Every structure is written in C-alpha cells, then in structure tokens.
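Working notes for the structure below.
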Amino acid sequence: MSQDWLHGFRAVWSVDFEFAAPPGERPKPICLVAQEFRSGRIIRLWEEDLRRRKAPPYPTERDSLFVAYYASAELGCHLALGWPLPASVLDLYVEFRNLTNGRNPPCGAGILGALLYFGLTGIDAGEKDRLRHLALRGGPWTPAERAALLEYCETDVRALAKLLPRMLPQVDLPRALLRRQYMKAAAHMEHTGVPIDTRALARVRHHWLSIQDELIRRIDADYGIYDGRTFKVARWAQ
C-alpha cells in the first residue's frame with residue numbers, strides 16, 4: 001500500500017511519551033513529543049505542562065491518525081492524564097510483528113530493531129538504554145537531564161517518521177486499524193489493573209523460597225528430578 005490512503009486523514013501524528021512506572025502502578029508521564037507527518041510541526045511538553053492539560057495537544061477524532069510504537073504505552077499515558085484515547089491508531093510495533101511473524105528479526109522487535117530491519121538508523125542502543133533508565137529513575141531532574149529526556153523522546157518520534165513511509169507498502173490498513181482495538185484494550189487493562197490481596201501477596205513473597213522447598217519435597221519425592229531448587233533437564237529426559 002502506498003501513502004495514498006493517508007490522504008483520508010486530515011492529520012497524521014507520530015507520538016511518544018517518556019514515563020516512570022513504579023512496579024504495579026500506573027505510568028507517570030514525564031514528557032511528550034509529537035510530530036505531524038506532513039507539516040513537520042513538533043510539540044514538546046514537560047510533565048507540569050501535561051498535568052495542566054485536559055486534552056492532548058493534537059486532535060483525537062477519527063480523521064486524525066495517531067502513530068506510535070507499542071501504542072498501549074502511549075495510550076496508557078493518555079488514561080493516566082485523563083485524556084481521551086485517539087479514535088484512529090496505527091501501531092507500527094504491531095505491524096512490524098505481523099510482518100515478521102514466525103521469524104526472528106536480527107536486531108529484535110524494538111523500534112531500533114525495526115529501523116535496522118528496514119535499513120534505517122536510529123539512536124545508539126547504549127545511549128537509548130541509559131536515557132530510558134534516567135526516565136525510570138524518576139525526578140527531580142536537572143535542566144540538562146530534562147533537555148536530554150526531551151531529545152531522547154524526540155528521537156523515537158523521528159524514528160516513527162522514518163519508519164512510517166517504509167512500512168506503509170506492507171501495511172494492510174483496514175486490519176491495521178482493527179488491530180488498534182487490542183492495544184486500546186491492553187491500555188485499559190493495564191490502567192485498571194488486577195484486584196489483589198496485597199497482604200497475602202506480601203506473605204507469599206516473604207515465604208516464597210520455603211514454599212518452593214516444600215512443593216519440591218512433596219512432589220519430587222518419587223522422581224528425583226530436582227537438585228535443590230534446580231530443575232535438571234537430563235533427569236527429566238531419563
């Protein structure tokens with residue numbers, strides 16, 4: 001498919017958030033960068049600007065296309081901020097996994113792996129990992145760290161702008177827009193979470209090794225498969 005079908009959208013926005021997500025908690029958006037595909041207009045917002053807004057800085061109606069990579073993360077940030085979800089979503093991660101289904105992309109299925117698969121370049125993997133950990137660390141951030149995180153966020157948006165035209169010829173649009181429904185559902189599931197008895201969970205975690213030992217003692221008594229807590233594949237094969 002060519003880029004012709006993009007003419008059905010009055011705007012095409014590539015969007016990326018950086019966020020911190022404590023274990024078991026909802027994401028806490030740190031910054032947002034969005035770029036309109038045709039005009040090249042770029043929006044950069046830091047966390048205090050995001051919290052003040054009641055709606056995204058880009059349109060979310062059906063005639064505006066929202067492009068992301070692993071969109072449930074960006075959609076989860078929308079939910080965390082109380083923003084409406086975009087009506088039309090194209091997730092290039094989902095489309096890349098669909099394209100390479102049954103194969104192992106040589107550099108993985110992350111956005112850097114997708115860029116390399118199509119012969120494109122992106123941020124150095126080590127630098128990406130360093131900045132991702134900076135975001136996960138949480139604030140406060142120095143002015144230099146803020147600038148670095150916004151620049152890092154923008155590299156993924158630029159990557160989306162490069163990936164989109166390269167992937168379009170292999171994107172089945174009606175089904176691609178249908179697949180967006182699952183990523184929306186995944187964002188809602190992650191936002192709602194799973195009700196859990198946290199006291200019971202803490203007790204299980206505290207006693208987990210002794211629980212393992214007791215289970216192995218009772219179940220493995222007639223088989224001798226385990227060596228301590230280690231499952232021995234050779235013994236199982238015998």
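Here's how to read the names in the structure tokens: chain A, B, ... by the order shown, residue numbers from 1 in each chain, ligand numbers from 1 in the order shown.
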- Query: Which residues in region 8-228 of chain A does DSSP call strand (DSSP E or B)? List them as a PyMOL selection string.
  - Reply: chain A and resi 11-20+28-36+42-46+64-68+88-91+226-227
With N, CA and C atoms kept, could you save the residues just selected as a short mmCIF file (atom, residue, chain, number, x, y, z; two decimals), in the first residue's frame?
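Everything below was put into result-v8.cif:
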```cif
data_model
loop_
_atom_site.label_atom_id
_atom_site.label_comp_id
_atom_site.auth_asym_id
_atom_site.auth_seq_id
_atom_site.Cartn_x
_atom_site.Cartn_y
_atom_site.Cartn_z
N ALA A 11 -4.81 14.82 9.48
CA ALA A 11 -3.54 14.98 10.20
C ALA A 11 -3.02 13.59 10.54
N VAL A 12 -1.70 13.45 10.56
CA VAL A 12 -1.04 12.20 10.94
C VAL A 12 0.02 12.55 11.98
N TRP A 13 -0.19 12.12 13.23
CA TRP A 13 0.69 12.49 14.32
C TRP A 13 1.48 11.30 14.83
N SER A 14 2.80 11.44 14.84
CA SER A 14 3.69 10.47 15.49
C SER A 14 3.88 10.94 16.93
N VAL A 15 3.68 10.02 17.88
CA VAL A 15 3.62 10.41 19.29
C VAL A 15 4.47 9.49 20.15
N ASP A 16 5.19 10.08 21.10
CA ASP A 16 5.95 9.29 22.07
C ASP A 16 5.95 9.98 23.42
N PHE A 17 5.77 9.20 24.48
CA PHE A 17 5.88 9.68 25.86
C PHE A 17 7.11 9.05 26.49
N GLU A 18 7.70 9.76 27.43
CA GLU A 18 8.60 9.15 28.40
C GLU A 18 7.87 9.16 29.74
N PHE A 19 7.99 8.08 30.48
CA PHE A 19 7.24 7.99 31.73
C PHE A 19 7.99 7.09 32.71
N ALA A 20 7.67 7.28 33.99
CA ALA A 20 8.15 6.38 35.03
C ALA A 20 6.97 5.50 35.43
N LYS A 28 3.57 7.36 35.12
CA LYS A 28 3.59 8.78 35.47
C LYS A 28 4.30 9.52 34.34
N PRO A 29 3.53 10.12 33.43
CA PRO A 29 4.15 10.76 32.26
C PRO A 29 5.14 11.85 32.65
N ILE A 30 6.30 11.82 31.99
CA ILE A 30 7.37 12.80 32.24
C ILE A 30 7.37 13.86 31.15
N CYS A 31 7.30 13.41 29.91
CA CYS A 31 7.30 14.37 28.81
C CYS A 31 6.66 13.73 27.59
N LEU A 32 6.31 14.57 26.65
CA LEU A 32 5.65 14.15 25.41
C LEU A 32 6.28 14.90 24.25
N VAL A 33 6.52 14.17 23.16
CA VAL A 33 6.89 14.81 21.90
C VAL A 33 5.98 14.23 20.82
N ALA A 34 5.43 15.10 20.01
CA ALA A 34 4.56 14.68 18.90
C ALA A 34 4.92 15.49 17.66
N GLN A 35 4.86 14.82 16.51
CA GLN A 35 5.19 15.50 15.25
C GLN A 35 4.14 15.17 14.21
N GLU A 36 3.66 16.20 13.53
CA GLU A 36 2.70 16.00 12.45
C GLU A 36 3.47 15.61 11.19
N ILE A 42 6.30 20.18 15.41
CA ILE A 42 6.68 19.39 16.58
C ILE A 42 6.15 20.06 17.85
N ILE A 43 5.62 19.23 18.73
CA ILE A 43 5.14 19.68 20.04
C ILE A 43 5.98 18.98 21.10
N ARG A 44 6.50 19.74 22.05
CA ARG A 44 7.27 19.19 23.17
C ARG A 44 6.67 19.71 24.47
N LEU A 45 6.28 18.79 25.35
CA LEU A 45 5.67 19.20 26.62
C LEU A 45 6.33 18.44 27.77
N TRP A 46 6.63 19.17 28.86
CA TRP A 46 7.18 18.57 30.07
C TRP A 46 6.04 18.25 31.04
N SER A 64 -8.04 11.95 12.27
CA SER A 64 -6.65 12.22 12.63
C SER A 64 -5.99 10.91 13.04
N LEU A 65 -4.88 10.56 12.40
CA LEU A 65 -4.23 9.28 12.65
C LEU A 65 -3.14 9.45 13.71
N PHE A 66 -3.19 8.61 14.73
CA PHE A 66 -2.24 8.59 15.84
C PHE A 66 -1.29 7.43 15.60
N VAL A 67 0.00 7.72 15.41
CA VAL A 67 1.00 6.69 15.10
C VAL A 67 1.95 6.56 16.28
N ALA A 68 2.17 5.31 16.72
CA ALA A 68 3.07 5.07 17.86
C ALA A 68 3.75 3.73 17.65
N SER A 88 -8.35 6.83 15.86
CA SER A 88 -7.64 6.09 14.81
C SER A 88 -6.18 5.92 15.22
N VAL A 89 -5.78 4.68 15.43
CA VAL A 89 -4.43 4.37 15.91
C VAL A 89 -3.74 3.42 14.95
N LEU A 90 -2.50 3.73 14.60
CA LEU A 90 -1.66 2.82 13.83
C LEU A 90 -0.44 2.51 14.68
N ASP A 91 -0.30 1.26 15.08
CA ASP A 91 0.80 0.83 15.94
C ASP A 91 1.84 0.13 15.07
N TYR A 226 14.79 -32.77 40.72
CA TYR A 226 15.40 -31.53 41.18
C TYR A 226 16.72 -31.77 41.90
N ASP A 227 17.61 -30.82 41.75
CA ASP A 227 18.82 -30.74 42.55
C ASP A 227 18.70 -29.45 43.35
#
```
- Shortest contact to Leu120 (chain A), candidates A:Val233, A:Ala148, A:Arg137, A:Met167, atoms counted only C-alpha atoms, goes to A:Met167
- May I have the residues within 12 Å of His133 (chain A) as an MDAnalysis selection string, using only C-alpha atoms and disregarding those fewer than 2 positions away in the same chain? chainID A and resid 18:21 126:131 135:139 145 149 152
Just write the chosen residues, C-alpha atoms, as a PDB file, in the first residue's frame.
```pdb
ATOM      1  CA  GLU A  18       8.603   9.146  28.400  1.00  0.00           C
ATOM      2  CA  PHE A  19       7.244   7.988  31.726  1.00  0.00           C
ATOM      3  CA  ALA A  20       8.149   6.379  35.025  1.00  0.00           C
ATOM      4  CA  ALA A  21       6.175   3.303  36.072  1.00  0.00           C
ATOM      5  CA  GLY A 126      23.610   2.076  24.702  1.00  0.00           C
ATOM      6  CA  GLU A 127      22.549   5.713  24.792  1.00  0.00           C
ATOM      7  CA  LYS A 128      18.891   4.708  24.492  1.00  0.00           C
ATOM      8  CA  ASP A 129      19.257   2.329  27.416  1.00  0.00           C
ATOM      9  CA  ARG A 130      20.982   4.992  29.536  1.00  0.00           C
ATOM     10  CA  LEU A 131      18.259   7.560  28.912  1.00  0.00           C
ATOM     11  CA  ALA A 135      13.382   8.269  32.912  1.00  0.00           C
ATOM     12  CA  LEU A 136      12.613   5.217  35.059  1.00  0.00           C
ATOM     13  CA  ARG A 137      14.707   6.641  37.901  1.00  0.00           C
ATOM     14  CA  GLY A 138      12.171   9.384  38.403  1.00  0.00           C
ATOM     15  CA  GLY A 139      12.729  13.035  39.265  1.00  0.00           C
ATOM     16  CA  GLU A 145      18.554  15.927  32.244  1.00  0.00           C
ATOM     17  CA  LEU A 149      14.939  13.290  28.087  1.00  0.00           C
ATOM     18  CA  TYR A 152      15.530  11.188  23.649  1.00  0.00           C
TER      19      TYR A 152
END
```
- Message: So that I can check the secondary structure, give me every residue of region 22-177 of chain A assigned helix (DSSP H, G or I) by backbone DSSP, as a ChimeraX atom specification.
- Response: /A:47-52,71-81,92-99,111-117,125-137,143-170,173-177
Atoms to include: C-alpha atoms. Write the selected residues as a PDB file, in the first residue's frame.
```
ATOM      1  CA  GLU A  47       5.305  16.916  32.959  1.00  0.00           C
ATOM      2  CA  GLU A  48       3.867  20.059  34.566  1.00  0.00           C
ATOM      3  CA  ASP A  49       2.511  21.146  31.163  1.00  0.00           C
ATOM      4  CA  LEU A  50       0.990  17.716  30.646  1.00  0.00           C
ATOM      5  CA  ARG A  51      -0.768  17.741  34.025  1.00  0.00           C
ATOM      6  CA  ARG A  52      -2.308  21.149  33.326  1.00  0.00           C
ATOM      7  CA  ALA A  71       0.846   2.110  21.401  1.00  0.00           C
ATOM      8  CA  SER A  72      -0.543   0.721  24.661  1.00  0.00           C
ATOM      9  CA  ALA A  73       2.224   2.638  26.478  1.00  0.00           C
ATOM     10  CA  GLU A  74       1.221   5.966  24.912  1.00  0.00           C
ATOM     11  CA  LEU A  75      -2.473   5.182  25.357  1.00  0.00           C
ATOM     12  CA  GLY A  76      -1.781   4.323  28.995  1.00  0.00           C
ATOM     13  CA  CYS A  77      -0.288   7.795  29.430  1.00  0.00           C
ATOM     14  CA  HIS A  78      -3.475   9.255  27.938  1.00  0.00           C
ATOM     15  CA  LEU A  79      -5.505   7.373  30.534  1.00  0.00           C
ATOM     16  CA  ALA A  80      -3.173   8.397  33.360  1.00  0.00           C
ATOM     17  CA  LEU A  81      -3.620  12.054  32.354  1.00  0.00           C
ATOM     18  CA  LEU A  92       3.991   0.202  13.977  1.00  0.00           C
ATOM     19  CA  TYR A  93       5.171  -2.325  16.585  1.00  0.00           C
ATOM     20  CA  VAL A  94       2.103  -4.464  15.941  1.00  0.00           C
ATOM     21  CA  GLU A  95       2.556  -4.115  12.195  1.00  0.00           C
ATOM     22  CA  PHE A  96       6.258  -4.988  12.426  1.00  0.00           C
ATOM     23  CA  ARG A  97       5.456  -8.094  14.491  1.00  0.00           C
ATOM     24  CA  ASN A  98       2.777  -9.015  11.979  1.00  0.00           C
ATOM     25  CA  LEU A  99       5.251  -8.587   9.123  1.00  0.00           C
ATOM     26  CA  ILE A 111      11.960   0.330  17.490  1.00  0.00           C
ATOM     27  CA  LEU A 112      15.741   0.174  16.891  1.00  0.00           C
ATOM     28  CA  GLY A 113      15.379  -3.358  15.565  1.00  0.00           C
ATOM     29  CA  ALA A 114      12.612  -2.224  13.205  1.00  0.00           C
ATOM     30  CA  LEU A 115      14.730   0.671  11.944  1.00  0.00           C
ATOM     31  CA  LEU A 116      17.681  -1.630  11.217  1.00  0.00           C
ATOM     32  CA  TYR A 117      15.394  -4.189   9.553  1.00  0.00           C
ATOM     33  CA  ALA A 125      21.397   1.358  21.700  1.00  0.00           C
ATOM     34  CA  GLY A 126      23.610   2.076  24.702  1.00  0.00           C
ATOM     35  CA  GLU A 127      22.549   5.713  24.792  1.00  0.00           C
ATOM     36  CA  LYS A 128      18.891   4.708  24.492  1.00  0.00           C
ATOM     37  CA  ASP A 129      19.257   2.329  27.416  1.00  0.00           C
ATOM     38  CA  ARG A 130      20.982   4.992  29.536  1.00  0.00           C
ATOM     39  CA  LEU A 131      18.259   7.560  28.912  1.00  0.00           C
ATOM     40  CA  ARG A 132      15.489   5.032  29.440  1.00  0.00           C
ATOM     41  CA  HIS A 133      16.931   4.294  32.881  1.00  0.00           C
ATOM     42  CA  LEU A 134      17.120   8.028  33.567  1.00  0.00           C
ATOM     43  CA  ALA A 135      13.382   8.269  32.912  1.00  0.00           C
ATOM     44  CA  LEU A 136      12.613   5.217  35.059  1.00  0.00           C
ATOM     45  CA  ARG A 137      14.707   6.641  37.901  1.00  0.00           C
ATOM     46  CA  PRO A 143      17.777  21.193  33.426  1.00  0.00           C
ATOM     47  CA  ALA A 144      20.355  19.197  31.450  1.00  0.00           C
ATOM     48  CA  GLU A 145      18.554  15.927  32.244  1.00  0.00           C
ATOM     49  CA  ARG A 146      15.234  17.456  31.194  1.00  0.00           C
ATOM     50  CA  ALA A 147      16.725  18.519  27.876  1.00  0.00           C
ATOM     51  CA  ALA A 148      18.252  15.055  27.387  1.00  0.00           C
ATOM     52  CA  LEU A 149      14.939  13.290  28.087  1.00  0.00           C
ATOM     53  CA  LEU A 150      13.042  15.532  25.683  1.00  0.00           C
ATOM     54  CA  GLU A 151      15.686  14.952  22.997  1.00  0.00           C
ATOM     55  CA  TYR A 152      15.530  11.188  23.649  1.00  0.00           C
ATOM     56  CA  CYS A 153      11.747  11.270  23.360  1.00  0.00           C
ATOM     57  CA  GLU A 154      12.063  13.148  20.085  1.00  0.00           C
ATOM     58  CA  THR A 155      14.432  10.516  18.641  1.00  0.00           C
ATOM     59  CA  ASP A 156      11.626   7.934  18.821  1.00  0.00           C
ATOM     60  CA  VAL A 157       9.241  10.359  17.135  1.00  0.00           C
ATOM     61  CA  ARG A 158      11.774  10.921  14.360  1.00  0.00           C
ATOM     62  CA  ALA A 159      12.161   7.164  14.089  1.00  0.00           C
ATOM     63  CA  LEU A 160       8.394   6.815  13.605  1.00  0.00           C
ATOM     64  CA  ALA A 161       8.509   9.448  10.865  1.00  0.00           C
ATOM     65  CA  LYS A 162      11.193   7.394   9.071  1.00  0.00           C
ATOM     66  CA  LEU A 163       9.517   4.033   9.640  1.00  0.00           C
ATOM     67  CA  LEU A 164       6.034   5.028   8.536  1.00  0.00           C
ATOM     68  CA  PRO A 165       6.718   5.555   4.801  1.00  0.00           C
ATOM     69  CA  ARG A 166       8.958   2.461   4.665  1.00  0.00           C
ATOM     70  CA  MET A 167       6.322   0.237   6.262  1.00  0.00           C
ATOM     71  CA  LEU A 168       3.233   1.606   4.502  1.00  0.00           C
ATOM     72  CA  PRO A 169       3.594  -0.538   1.364  1.00  0.00           C
ATOM     73  CA  GLN A 170       3.274  -3.631   3.579  1.00  0.00           C
ATOM     74  CA  LEU A 173      -4.843  -0.639   6.533  1.00  0.00           C
ATOM     75  CA  PRO A 174      -8.308  -1.973   7.377  1.00  0.00           C
ATOM     76  CA  ARG A 175      -6.855  -4.746   9.529  1.00  0.00           C
ATOM     77  CA  ALA A 176      -4.117  -2.488  10.925  1.00  0.00           C
ATOM     78  CA  LEU A 177      -6.764  -0.095  12.227  1.00  0.00           C
TER      79      LEU A 177
END
```
- Mind giving me the straight-line distance from CA of Ile216 (chain A) to CA of Gly24 (chain A) in Å, one decimal?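 Separation of CA of Ile216 (chain A) and CA of Gly24 (chain A): 29.0 Å.
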Counting only C-alpha atoms, which residues in region 147-186 of chain A sit no more than 12 Å from region 191-200 of chain A? For each one, give the nearest pair of atoms and the distance in Å, sorted by chain then residue number, as a tab-separated table.
```
residue	atom	partner	partner_atom	distance
A:Lys184	CA	A:His191	CA	10.6
A:Ala185	CA	A:His191	CA	9.8
A:Ala186	CA	A:His191	CA	8.5
```
Same residues, C-alpha atoms, output as a compact mmCIF listing (two decimals), in the first residue's frame:
```
# COMPACT_ATOMS: atom_id res chain seq x y z
CA LYS A 184 -6.57 0.18 23.39
CA ALA A 185 -7.96 -2.75 25.36
CA ALA A 186 -4.45 -3.56 26.66
```
- Task: Identify which of the residues A:His206, A:Arg53, A:Pro22, A:Asp63 lies closest to His7 (chain A), counting only C-alpha atoms when measuring atom-to-atom distances.
- Result: A:Asp63
- Item | CA of Ala234 (chain A) to CA of Gly102 (chain A), distance in Å rounded to a single decimal |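 Here the two named atoms are 28.7 Å from each other.
The two atoms in question, CA of Trp83 (chain A) and CA of Phe37 (chain A), are spaced 21.8 Å apart.
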